[in-house]
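Next up, final31.csv (CSV, C-alpha atoms):
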```
chain,number,residue,atom,x,y,z
Q,1,MET,CA,0.0,0.0,0.0
Q,2,THR,CA,1.3,3.4,-0.9
Q,3,GLY,CA,0.2,7.1,-0.4
Q,4,ARG,CA,-0.6,8.9,2.8
Q,5,CYS,CA,-1.1,5.7,4.7
Q,6,SER,CA,2.6,5.0,4.6
Q,7,LEU,CA,3.1,8.2,6.5
Q,8,LEU,CA,0.8,7.0,9.3
Q,9,GLY,CA,2.6,3.8,10.1
Q,10,SER,CA,0.9,0.5,10.7
Q,11,VAL,CA,-2.5,0.0,12.3
Q,12,ARG,CA,-2.6,0.3,16.1
Q,13,GLU,CA,-0.4,-2.3,17.6
Q,14,ALA,CA,-1.8,-2.2,21.1
Q,15,GLY,CA,-5.5,-3.0,21.6
Q,16,ALA,CA,-8.3,-3.4,19.2
Q,17,VAL,CA,-8.4,-1.6,15.8
Q,18,LYS,CA,-10.9,1.2,16.0
Q,19,ILE,CA,-13.2,1.5,13.0
Q,20,LEU,CA,-15.6,4.4,12.4
Q,21,SER,CA,-18.4,3.8,9.9
Q,22,VAL,CA,-20.1,6.7,8.1
Q,23,VAL,CA,-23.6,5.9,6.8
Q,24,GLY,CA,-26.6,8.0,5.8
Q,25,ALA,CA,-29.0,6.2,3.5
Q,26,ARG,CA,-31.1,3.0,3.4
Q,27,PRO,CA,-28.7,1.0,1.2
Q,28,GLN,CA,-25.9,1.8,3.6
Q,29,PHE,CA,-27.8,0.6,6.7
Q,30,VAL,CA,-28.2,-2.7,4.9
Q,31,LYS,CA,-24.4,-2.9,4.4
Q,32,LEU,CA,-23.7,-1.7,7.9
Q,33,ALA,CA,-25.8,-4.4,9.6
Q,34,PRO,CA,-23.4,-7.4,8.9
Q,35,ILE,CA,-20.3,-5.2,9.6
Q,36,SER,CA,-21.8,-4.1,12.9
Q,37,SER,CA,-22.6,-7.7,13.9
Q,38,ALA,CA,-19.2,-9.0,12.8
Q,39,ALA,CA,-17.3,-6.2,14.6
Q,40,ALA,CA,-19.2,-7.0,17.9
Q,41,ALA,CA,-18.4,-10.7,17.5
Q,42,ALA,CA,-14.7,-9.9,16.9
Q,43,ASP,CA,-14.6,-7.4,19.8
Q,44,ILE,CA,-13.6,-4.7,17.5
Q,45,GLU,CA,-14.3,-1.1,18.6
Q,46,HIS,CA,-16.8,0.2,16.1
Q,47,VAL,CA,-18.2,3.7,16.0
Q,48,VAL,CA,-21.2,4.5,13.8
Q,49,VAL,CA,-21.9,8.0,12.5
Q,50,HIS,CA,-25.2,8.7,10.8
Q,51,THR,CA,-25.2,11.8,8.6
Q,52,GLY,CA,-29.0,12.0,8.5
Q,53,GLN,CA,-29.1,11.9,4.7
Q,54,HIS,CA,-32.2,9.7,5.0
Q,55,TYR,CA,-34.0,11.1,8.0
Q,56,ASP,CA,-37.5,9.7,7.4
Q,57,GLU,CA,-38.5,7.1,10.1
Q,58,ALA,CA,-39.2,4.4,7.6
Q,59,MET,CA,-35.9,5.0,5.8
Q,60,SER,CA,-33.7,5.5,8.8
Q,61,ALA,CA,-34.5,4.7,12.5
Q,62,ALA,CA,-36.7,1.8,11.6
Q,63,PHE,CA,-33.9,0.1,9.7
Q,64,PHE,CA,-31.6,0.3,12.7
Q,65,LYS,CA,-34.3,-1.4,14.8
Q,66,ASP,CA,-35.3,-4.0,12.2
Q,67,LEU,CA,-31.7,-5.0,11.4
Q,68,ALA,CA,-30.6,-5.1,15.0
Q,69,ILE,CA,-28.0,-2.4,14.5
Q,70,PRO,CA,-27.0,-0.4,17.7
Q,71,GLU,CA,-28.1,3.2,17.7
Q,72,PRO,CA,-25.6,5.5,16.0
Q,73,ASP,CA,-23.0,6.9,18.3
Q,74,VAL,CA,-23.4,10.2,16.4
Q,75,ASN,CA,-26.3,11.5,14.3
Q,76,LEU,CA,-25.5,14.6,12.4
Q,77,GLU,CA,-29.1,15.1,11.3
Q,78,ILE,CA,-28.1,16.9,8.1
Q,79,GLY,CA,-31.3,16.2,6.2
Q,80,SER,CA,-32.2,16.9,2.6
Q,81,ALA,CA,-30.7,19.6,0.3
Q,82,SER,CA,-29.1,20.0,-3.1
Q,83,HIS,CA,-26.0,17.8,-3.8
Q,84,GLY,CA,-23.6,20.6,-3.1
Q,85,ALA,CA,-25.2,22.0,0.0
Q,86,GLN,CA,-25.8,18.5,1.5
Q,87,THR,CA,-22.3,17.3,0.8
Q,88,GLY,CA,-20.8,20.5,2.1
Q,89,ALA,CA,-22.9,20.4,5.3
Q,90,MET,CA,-21.8,16.8,5.9
Q,91,LEU,CA,-18.1,17.6,5.4
Q,92,CYS,CA,-18.3,20.4,7.9
Q,93,ALA,CA,-20.1,18.4,10.5
Q,94,LEU,CA,-17.9,15.3,10.1
Q,95,GLU,CA,-14.6,17.0,10.6
Q,96,PRO,CA,-14.8,17.5,14.4
Q,97,VAL,CA,-16.3,14.0,14.8
Q,98,LEU,CA,-13.5,12.3,13.0
Q,99,GLN,CA,-10.9,14.4,14.8
Q,100,ASP,CA,-12.5,13.6,18.2
Q,101,HIS,CA,-12.7,9.8,17.6
Q,102,ALA,CA,-9.3,9.5,15.7
Q,103,PRO,CA,-10.1,6.0,14.3
Q,104,ASP,CA,-7.7,3.7,12.7
Q,105,TRP,CA,-10.0,3.3,9.8
Q,106,VAL,CA,-12.9,5.4,8.4
Q,107,LEU,CA,-15.1,2.9,6.6
Q,108,VAL,CA,-17.5,4.3,4.0
Q,109,TYR,CA,-20.2,2.4,2.1
Q,110,GLY,CA,-21.5,2.6,-1.5
Q,111,ASP,CA,-21.9,5.8,-3.5
Q,112,THR,CA,-24.1,8.4,-1.6
Q,113,ASN,CA,-23.2,12.0,-0.8
Q,114,SER,CA,-22.5,10.7,2.8
Q,115,THR,CA,-19.8,8.5,1.3
Q,116,LEU,CA,-18.1,11.2,-0.7
Q,117,ALA,CA,-18.2,13.7,2.2
Q,118,ALA,CA,-16.7,11.2,4.6
Q,119,ALA,CA,-14.0,10.3,2.0
Q,120,VAL,CA,-13.0,13.9,1.5
Q,121,CYS,CA,-13.0,14.6,5.3
Q,122,ALA,CA,-10.9,11.5,6.1
Q,123,THR,CA,-8.4,12.3,3.3
Q,124,LYS,CA,-8.0,15.9,4.5
Q,125,LEU,CA,-7.4,14.7,8.1
Q,126,HIS,CA,-4.9,12.0,7.0
Q,127,LEU,CA,-7.0,9.2,8.4
Q,128,ARG,CA,-7.0,5.8,6.7
Q,129,LEU,CA,-10.0,5.4,4.4
Q,130,ALA,CA,-11.6,2.1,3.4
Q,131,HIS,CA,-14.3,1.9,0.8
Q,132,LEU,CA,-16.8,-1.0,1.0
Q,133,GLU,CA,-18.4,-1.8,-2.3
Q,134,ALA,CA,-15.5,-0.3,-4.3
Q,135,GLY,CA,-15.0,-0.6,-8.0
Q,136,LEU,CA,-18.6,-0.4,-9.2
Q,137,ARG,CA,-19.0,1.5,-12.5
Q,138,SER,CA,-22.1,2.3,-14.4
Q,139,LEU,CA,-20.0,4.3,-16.9
Q,140,ASN,CA,-22.8,6.9,-16.9
Q,141,ARG,CA,-21.2,10.2,-15.9
Q,142,LEU,CA,-24.7,11.8,-15.6
Q,143,MET,CA,-25.3,9.8,-12.4
Q,144,PRO,CA,-24.1,11.7,-9.3
Q,145,GLU,CA,-23.4,8.2,-7.8
Q,146,GLU,CA,-20.9,7.5,-10.4
Q,147,HIS,CA,-18.8,10.5,-9.5
Q,148,ASN,CA,-19.1,9.6,-5.8
Q,149,ARG,CA,-17.8,6.1,-6.5
Q,150,VAL,CA,-14.9,7.1,-8.6
Q,151,LEU,CA,-13.7,9.9,-6.3
Q,152,THR,CA,-14.0,7.7,-3.2
Q,153,ASP,CA,-12.1,4.8,-4.8
Q,154,HIS,CA,-9.3,7.1,-5.8
Q,155,SER,CA,-9.1,8.6,-2.3
Q,156,ALA,CA,-9.3,5.3,-0.4
Q,157,ASP,CA,-6.3,3.5,1.1
Q,158,VAL,CA,-8.2,0.2,0.7
Q,159,CYS,CA,-10.8,-0.6,-1.9
Q,160,LEU,CA,-13.0,-3.4,-0.8
Q,161,ALA,CA,-14.5,-4.9,-3.9
Q,162,PRO,CA,-17.7,-6.9,-4.0
Q,163,THR,CA,-17.1,-8.7,-7.3
Q,164,ALA,CA,-14.5,-9.8,-9.8
Q,165,VAL,CA,-15.9,-7.3,-12.2
Q,166,ALA,CA,-15.4,-4.5,-9.7
Q,167,MET,CA,-11.8,-5.7,-9.2
Q,168,LYS,CA,-11.3,-5.4,-13.0
Q,169,HIS,CA,-12.5,-1.8,-12.9
Q,170,LEU,CA,-10.1,-1.0,-10.1
Q,171,THR,CA,-7.2,-2.6,-11.8
Q,172,ALA,CA,-7.9,-0.7,-15.0
Q,173,GLU,CA,-7.8,2.5,-13.0
Q,174,GLY,CA,-4.4,1.7,-11.5
Q,175,LEU,CA,-5.8,0.8,-8.0
Q,176,ALA,CA,-5.0,-3.0,-8.0
Q,177,ALA,CA,-2.3,-2.6,-5.3
Q,178,ARG,CA,-4.8,-1.3,-2.8
Q,179,SER,CA,-7.8,-3.4,-3.8
Q,180,VAL,CA,-9.1,-6.6,-2.2
Q,181,LEU,CA,-12.0,-8.8,-3.3
Q,182,VAL,CA,-14.1,-9.5,-0.2
Q,183,GLY,CA,-17.6,-10.2,-1.6
Q,184,ASP,CA,-20.8,-8.4,-1.0
Q,185,VAL,CA,-22.0,-7.8,2.5
Q,186,MET,CA,-25.6,-7.6,1.3
Q,187,VAL,CA,-25.5,-11.3,0.8
Q,188,ASP,CA,-24.4,-11.7,4.4
Q,189,LEU,CA,-27.5,-9.9,5.6
Q,190,LEU,CA,-29.9,-11.4,3.0
Q,191,LYS,CA,-29.1,-14.9,4.0
Q,192,ARG,CA,-29.5,-14.1,7.7
Q,193,VAL,CA,-32.9,-12.4,7.2
Q,194,GLU,CA,-34.2,-14.9,4.7
Q,195,THR,CA,-33.6,-17.6,7.3
Q,196,SER,CA,-35.3,-15.5,10.0
Q,197,VAL,CA,-38.5,-14.8,8.0
Q,198,LYS,CA,-38.8,-18.4,7.0
Q,199,LEU,CA,-38.9,-19.4,10.7
Q,200,ALA,CA,-41.0,-16.4,11.8
Q,201,PRO,CA,-42.9,-14.6,9.0
Q,202,VAL,CA,-43.4,-10.9,9.5
Q,203,ASP,CA,-46.5,-8.8,8.7
Q,204,THR,CA,-46.4,-6.8,5.5
Q,205,PRO,CA,-48.9,-4.6,3.6
Q,206,ILE,CA,-48.8,-7.0,0.7
Q,207,ASP,CA,-51.5,-9.6,0.0
Q,208,SER,CA,-49.5,-12.5,-1.3
Q,209,HIS,CA,-52.4,-14.8,-2.1
Q,210,ASP,CA,-52.4,-13.6,-5.7
Q,211,ALA,CA,-49.6,-12.9,-8.1
Q,212,PHE,CA,-47.9,-9.5,-7.5
Q,213,THR,CA,-45.0,-7.4,-8.6
Q,214,ILE,CA,-42.8,-5.3,-6.3
Q,215,ALA,CA,-41.8,-1.9,-7.6
Q,216,THR,CA,-39.5,0.9,-6.4
Q,217,ILE,CA,-38.7,4.2,-8.1
Q,218,HIS,CA,-36.4,6.8,-6.6
Q,219,ARG,CA,-33.6,8.0,-8.9
Q,220,PRO,CA,-33.8,11.6,-10.2
Q,221,ASN,CA,-33.8,10.4,-13.8
Q,222,ASN,CA,-37.1,8.7,-13.2
Q,223,THR,CA,-38.8,11.0,-10.7
Q,224,ASP,CA,-37.8,14.6,-11.5
Q,225,ASP,CA,-39.4,14.7,-15.0
Q,226,PRO,CA,-43.1,14.6,-14.6
Q,227,ALA,CA,-43.7,13.3,-18.1
Q,228,ARG,CA,-41.4,10.4,-17.6
Q,229,LEU,CA,-42.7,9.6,-14.2
Q,230,GLU,CA,-46.3,9.6,-15.6
Q,231,ARG,CA,-45.2,7.2,-18.4
Q,232,ILE,CA,-43.6,4.8,-15.9
Q,233,LEU,CA,-46.6,4.8,-13.6
Q,234,GLY,CA,-48.9,4.3,-16.6
Q,235,ALA,CA,-46.9,1.3,-17.7
Q,236,LEU,CA,-46.9,-0.2,-14.2
Q,237,SER,CA,-50.7,0.3,-14.0
Q,238,GLN,CA,-51.2,-1.9,-17.0
Q,239,LEU,CA,-49.2,-4.9,-15.9
Q,240,GLY,CA,-50.9,-8.2,-15.5
Q,241,THR,CA,-50.4,-8.4,-11.8
Q,242,ARG,CA,-51.0,-6.2,-8.8
Q,243,VAL,CA,-48.0,-3.9,-8.4
Q,244,TYR,CA,-47.1,-2.9,-4.9
Q,245,LEU,CA,-45.1,0.4,-5.2
Q,246,ALA,CA,-43.0,0.9,-2.2
Q,247,ALA,CA,-43.0,4.7,-2.3
Q,248,HIS,CA,-39.7,6.3,-1.4
Q,249,PRO,CA,-40.1,9.8,0.1
Q,250,ARG,CA,-38.5,11.3,-3.0
Q,251,LEU,CA,-41.1,9.7,-5.2
Q,252,VAL,CA,-44.0,10.9,-3.0
Q,253,ALA,CA,-42.7,14.4,-3.0
Q,254,CYS,CA,-42.1,14.5,-6.8
Q,255,ALA,CA,-45.5,13.0,-7.5
Q,256,ASP,CA,-47.3,15.5,-5.1
Q,257,ARG,CA,-45.5,18.4,-6.6
Q,258,SER,CA,-46.6,17.5,-10.1
Q,259,GLY,CA,-50.1,16.3,-9.2
Q,260,ILE,CA,-49.4,12.8,-10.3
Q,261,ALA,CA,-51.4,10.0,-8.7
Q,262,LEU,CA,-49.4,7.0,-7.5
Q,263,ASN,CA,-52.5,4.7,-6.9
Q,264,ARG,CA,-53.9,3.8,-10.3
Q,265,GLY,CA,-55.0,0.7,-12.2
Q,266,ASN,CA,-53.0,-2.2,-10.8
Q,267,VAL,CA,-50.7,0.0,-8.8
Q,268,ILE,CA,-51.0,0.1,-5.0
Q,269,ALA,CA,-48.7,2.6,-3.3
Q,270,ILE,CA,-47.4,1.4,0.1
Q,271,PRO,CA,-44.8,2.8,2.5
Q,272,PRO,CA,-41.2,1.8,2.2
Q,273,LEU,CA,-40.8,-1.8,3.4
Q,274,ALA,CA,-38.7,-2.7,6.3
Q,275,TYR,CA,-35.9,-5.0,5.3
Q,276,PRO,CA,-37.4,-8.2,6.7
Q,277,GLN,CA,-40.7,-7.3,5.0
Q,278,LEU,CA,-38.9,-6.8,1.7
Q,279,VAL,CA,-37.2,-10.2,2.0
Q,280,GLN,CA,-40.4,-11.9,2.8
Q,281,ALA,CA,-42.2,-10.2,-0.1
Q,282,LEU,CA,-39.4,-11.3,-2.5
Q,283,ARG,CA,-40.0,-14.9,-1.5
Q,284,SER,CA,-43.5,-14.7,-3.1
Q,285,ALA,CA,-43.1,-12.0,-5.8
Q,286,GLU,CA,-43.6,-12.8,-9.4
Q,287,ALA,CA,-41.4,-9.9,-10.6
Q,288,VAL,CA,-39.5,-6.8,-9.5
Q,289,VAL,CA,-39.5,-3.4,-11.3
Q,290,THR,CA,-36.9,-1.0,-9.9
Q,291,ASP,CA,-34.2,1.5,-10.4
Q,292,SER,CA,-32.5,0.5,-7.1
Q,293,GLY,CA,-29.0,-1.1,-7.3
Q,294,GLY,CA,-29.6,-3.0,-4.0
Q,295,LEU,CA,-33.0,-4.4,-5.0
Q,296,GLN,CA,-31.5,-5.6,-8.3
Q,297,LYS,CA,-29.1,-7.8,-6.4
Q,298,GLU,CA,-31.5,-8.9,-3.7
Q,299,ALA,CA,-34.0,-10.1,-6.3
Q,300,PHE,CA,-31.2,-11.8,-8.3
Q,301,VAL,CA,-29.9,-13.7,-5.3
Q,302,MET,CA,-33.5,-14.8,-4.4
Q,303,GLY,CA,-34.4,-15.7,-8.0
Q,304,VAL,CA,-37.0,-13.1,-8.8
Q,305,PRO,CA,-37.0,-11.8,-12.5
Q,306,THR,CA,-36.2,-8.1,-12.4
Q,307,THR,CA,-36.7,-5.2,-14.8
Q,308,THR,CA,-34.4,-2.3,-14.1
Q,309,LEU,CA,-35.6,1.2,-15.2
Q,310,ARG,CA,-32.2,2.4,-16.3
Q,311,PRO,CA,-30.1,2.3,-19.5
Q,312,GLU,CA,-27.2,0.6,-17.6
Q,313,THR,CA,-26.4,-1.1,-14.3
Q,314,GLU,CA,-23.3,-1.3,-12.2
Q,315,TRP,CA,-24.4,-4.8,-11.2
Q,316,VAL,CA,-23.8,-6.4,-14.6
Q,317,GLU,CA,-23.8,-9.9,-13.1
Q,318,THR,CA,-27.6,-9.7,-12.6
Q,319,LEU,CA,-28.1,-9.5,-16.4
Q,320,ALA,CA,-26.8,-13.0,-17.0
Q,321,ASN,CA,-29.3,-15.4,-18.5
Q,322,GLY,CA,-32.1,-12.8,-18.4
Q,323,TRP,CA,-32.7,-12.6,-14.7
Q,324,ASN,CA,-32.4,-8.9,-14.9
Q,325,VAL,CA,-33.2,-6.8,-18.0
Q,326,LEU,CA,-32.8,-3.1,-18.6
Q,327,ALA,CA,-35.8,-0.9,-19.7
Q,328,ALA,CA,-34.5,2.6,-20.3
Q,329,ASP,CA,-37.8,3.5,-22.1
Q,330,PRO,CA,-41.0,3.2,-20.1
Q,331,ALA,CA,-42.6,1.7,-23.2
Q,332,GLU,CA,-40.3,-1.4,-22.7
Q,333,ILE,CA,-41.6,-2.1,-19.2
Q,334,ALA,CA,-44.6,-4.3,-20.1
Q,335,SER,CA,-42.8,-6.6,-22.5
Q,336,ALA,CA,-39.8,-6.9,-20.1
Q,337,VAL,CA,-42.0,-7.9,-17.2
Q,338,ALA,CA,-44.0,-10.3,-19.3
Q,339,ARG,CA,-41.0,-12.2,-20.6
Q,340,ASP,CA,-40.7,-15.9,-19.9
Q,341,ARG,CA,-39.2,-16.6,-16.5
Q,342,PRO,CA,-35.5,-17.5,-16.8
Q,343,THR,CA,-34.7,-21.2,-16.4
Q,344,ALA,CA,-30.9,-21.0,-16.5
Q,345,PRO,CA,-29.2,-21.3,-13.2
Q,346,ARG,CA,-27.8,-18.3,-11.4
Q,347,ALA,CA,-24.1,-18.0,-10.5
Q,348,ALA,CA,-23.0,-16.7,-7.1
Q,349,PRO,CA,-20.9,-13.7,-8.1
Q,350,TYR,CA,-21.5,-11.8,-4.8
Q,351,GLY,CA,-19.8,-14.3,-2.4
Q,352,GLY,CA,-21.0,-16.8,0.1
Q,353,GLY,CA,-22.1,-14.7,3.0
Q,354,ASP,CA,-18.8,-14.0,4.8
Q,355,ALA,CA,-18.0,-10.6,3.3
Q,356,ALA,CA,-18.2,-8.8,6.6
Q,357,GLU,CA,-15.7,-11.1,8.3
Q,358,LYS,CA,-13.3,-10.7,5.3
Q,359,THR,CA,-13.7,-7.0,5.4
Q,360,LEU,CA,-12.8,-6.8,9.1
Q,361,SER,CA,-9.9,-9.2,8.6
Q,362,VAL,CA,-8.4,-6.9,5.9
Q,363,LEU,CA,-8.7,-3.8,8.1
Q,364,THR,CA,-7.3,-5.6,11.1
Q,365,ASP,CA,-4.4,-7.4,9.4
Q,366,TRP,CA,-3.4,-4.9,6.7
Q,367,ILE,CA,0.3,-4.3,6.8
Q,368,VAL,CA,1.4,-0.9,5.6
Q,369,ALA,CA,4.4,-0.9,3.4
```
Kindly transcribe the structure held in the file into structure tokens.
Amino acid sequence: MTGRCSLLGSVREAGAVKILSVVGARPQFVKLAPISSAAAAADIEHVVVHTGQHYDEAMSAAFFKDLAIPEPDVNLEIGSASHGAQTGAMLCALEPVLQDHAPDWVLVYGDTNSTLAAAVCATKLHLRLAHLEAGLRSLNRLMPEEHNRVLTDHSADVCLAPTAVAMKHLTAEGLAARSVLVGDVMVDLLKRVETSVKLAPVDTPIDSHDAFTIATIHRPNNTDDPARLERILGALSQLGTRVYLAAHPRLVACADRSGIALNRGNVIAIPPLAYPQLVQALRSAEAVVTDSGGLQKEAFVMGVPTTTLRPETEWVETLANGWNVLAADPAEIASAVARDRPTAPRAAPYGGGDAAEKTLSVLTDWIVA
């Protein structure tokens, strides 16, 4: 390993390694859960900082409860704002927190504004930075998340890659020497929760007696243009099954602002699902329609045919054998959802459910050159 980390020396020799995780949005809480559990099992000091990027109860506090994550040690309560204002506010608020805690590692997750703010802050303070879910690339520079991923990877002292494809991206960008394939922590949590809901089913707002599709829409490309959002909802309303639309706060706000009805035809808008509810729903769903990166993977692992409302995906493994198809144009949604169910087997590109332990092993055992 090279760069500023070589100026800091090796990880703390006396006592446990201290890791500080920075999270702020629903997908990061999902990734945090197995890390938090594994850190507790290994007696590793683990500090959790919540930026407050997702502050809605269903998108934040409920996730900590449902996934058995200890309450955050720090909640910055930043809230919603434009990309620049939100990222800047997080950067300012994080600086004294990182200085006070002085961790051996700042661990960031995924590709949100919280991730980028923490990466910049750790870099400026000369703290070691590890990026979990490194190396993902959509190759779409119009996506804010793409910039967040690339900038964070190139700032990180350790890039923790979820897949072999991610490792190839990191290698192509000259980051191979500080990149490690650990697998996807989402699989860790998914396996745990799937076992749990099999043994003890949870209540959901979904009637699973008849065929149904799960849908989520939250990306700006799909929500901010009223005409496009109307076309997406119109297509969903004509599908051959009931469509339970788990309505992200961004979607609700955009629809309200434009006077667009979410409930129409076969579409039934429901609140965002708690993670155990989502996993249980996936066990019975006929199909998934989404623009979420996380839900693409979860559906793939559980064998639910998925239609992704984007022109590309960073999770290219899900496209194998037709388990996930892209529908950039809302006019493509109906035919994509109606396609024959894939019969080809699915590979296991995201690991076997031990990514959290591998991640902590890397951070604990990494030897600085």
Closest of Q:Pro96, Q:Ala235, Q:Ser284, Q:Glu314 to Glu146 of chain Q, counting all atoms listed in the file, is Q:Glu314
List as a PDB file with C-alpha atoms, keeping the file's coordinate frame the residues having at least one atom at most 12 Å from position (-39.9, 1.6, -24.7) as given in the file, counting all atoms listed in the file.
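Wrote it out as part_12.pdb, contents follow:
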```pdb
ATOM      1  CA  ARG Q 228     -41.400  10.400 -17.600  1.00  0.00           C
ATOM      2  CA  ARG Q 231     -45.200   7.200 -18.400  1.00  0.00           C
ATOM      3  CA  ILE Q 232     -43.600   4.800 -15.900  1.00  0.00           C
ATOM      4  CA  ALA Q 235     -46.900   1.300 -17.700  1.00  0.00           C
ATOM      5  CA  LEU Q 309     -35.600   1.200 -15.200  1.00  0.00           C
ATOM      6  CA  ARG Q 310     -32.200   2.400 -16.300  1.00  0.00           C
ATOM      7  CA  PRO Q 311     -30.100   2.300 -19.500  1.00  0.00           C
ATOM      8  CA  LEU Q 326     -32.800  -3.100 -18.600  1.00  0.00           C
ATOM      9  CA  ALA Q 327     -35.800  -0.900 -19.700  1.00  0.00           C
ATOM     10  CA  ALA Q 328     -34.500   2.600 -20.300  1.00  0.00           C
ATOM     11  CA  ASP Q 329     -37.800   3.500 -22.100  1.00  0.00           C
ATOM     12  CA  PRO Q 330     -41.000   3.200 -20.100  1.00  0.00           C
ATOM     13  CA  ALA Q 331     -42.600   1.700 -23.200  1.00  0.00           C
ATOM     14  CA  GLU Q 332     -40.300  -1.400 -22.700  1.00  0.00           C
ATOM     15  CA  ILE Q 333     -41.600  -2.100 -19.200  1.00  0.00           C
ATOM     16  CA  ALA Q 334     -44.600  -4.300 -20.100  1.00  0.00           C
ATOM     17  CA  SER Q 335     -42.800  -6.600 -22.500  1.00  0.00           C
ATOM     18  CA  ALA Q 336     -39.800  -6.900 -20.100  1.00  0.00           C
TER      19      ALA Q 336
END
```
Name the residues within 12 Å of (-24.0, 10.7, -10.9), counting only C-alpha atoms in the file's coordinates, and put them as a CSV table (one decimal) with C-alpha atoms, in the frame of the given file.
```csv
chain,number,residue,atom,x,y,z
Q,83,HIS,CA,-26.0,17.8,-3.8
Q,111,ASP,CA,-21.9,5.8,-3.5
Q,112,THR,CA,-24.1,8.4,-1.6
Q,113,ASN,CA,-23.2,12.0,-0.8
Q,116,LEU,CA,-18.1,11.2,-0.7
Q,137,ARG,CA,-19.0,1.5,-12.5
Q,138,SER,CA,-22.1,2.3,-14.4
Q,139,LEU,CA,-20.0,4.3,-16.9
Q,140,ASN,CA,-22.8,6.9,-16.9
Q,141,ARG,CA,-21.2,10.2,-15.9
Q,142,LEU,CA,-24.7,11.8,-15.6
Q,143,MET,CA,-25.3,9.8,-12.4
Q,144,PRO,CA,-24.1,11.7,-9.3
Q,145,GLU,CA,-23.4,8.2,-7.8
Q,146,GLU,CA,-20.9,7.5,-10.4
Q,147,HIS,CA,-18.8,10.5,-9.5
Q,148,ASN,CA,-19.1,9.6,-5.8
Q,149,ARG,CA,-17.8,6.1,-6.5
Q,150,VAL,CA,-14.9,7.1,-8.6
Q,151,LEU,CA,-13.7,9.9,-6.3
Q,219,ARG,CA,-33.6,8.0,-8.9
Q,220,PRO,CA,-33.8,11.6,-10.2
Q,221,ASN,CA,-33.8,10.4,-13.8
```
One residue among Q:Trp315, Q:Trp366, Q:Trp105, Q:Tyr275 is nearest to Thr163 of chain Q when using only C-alpha atoms, and that residue is Q:Trp315
Counting all atoms listed in the file, which of Q:Ser37, Q:Thr290, Q:Thr241, Q:Asn321 gets nearest to Ala347 of chain Q?
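Of Q:Ser37, Q:Thr290, Q:Thr241, Q:Asn321, the one nearest Ala347 of chain Q, counting all atoms listed in the file, is Q:Asn321.
Comparing Q:Gly303, Q:Gly52, Q:Gly240, Q:Pro271 by their smallest distance to Val22 of chain Q, the closest is Q:Gly52 (using all atoms listed in the file).
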- Query: For Val301 of chain Q, which residue out of Q:Met186, Q:Ala253, Q:Ala246, Q:Val158 is the nearest one, using all atoms listed in the file?
  - Reply: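 Ranking Q:Met186, Q:Ala253, Q:Ala246, Q:Val158 by distance to Val301 of chain Q, first place goes to Q:Met186.
Note that the spacing between atom CA of Ala33 of chain Q and atom CA of Lys65 of chain Q amounts to 10.4 Å.
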Counting all atoms listed in the file, the residue among Q:Ala118, Q:Ala274, Q:Ala62, Q:Ala85 that lies closest to Val193 of chain Q is Q:Ala274
How many Å separate atom CA of Ile217 of chain Q from atom CA of Leu160 of chain Q?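 Between atom CA of Ile217 of chain Q and atom CA of Leu160 of chain Q the gap is 27.8 Å.
Interatomic distance, atom CA of Ala93 of chain Q against atom CA of Ser155 of chain Q: 19.5 Å.
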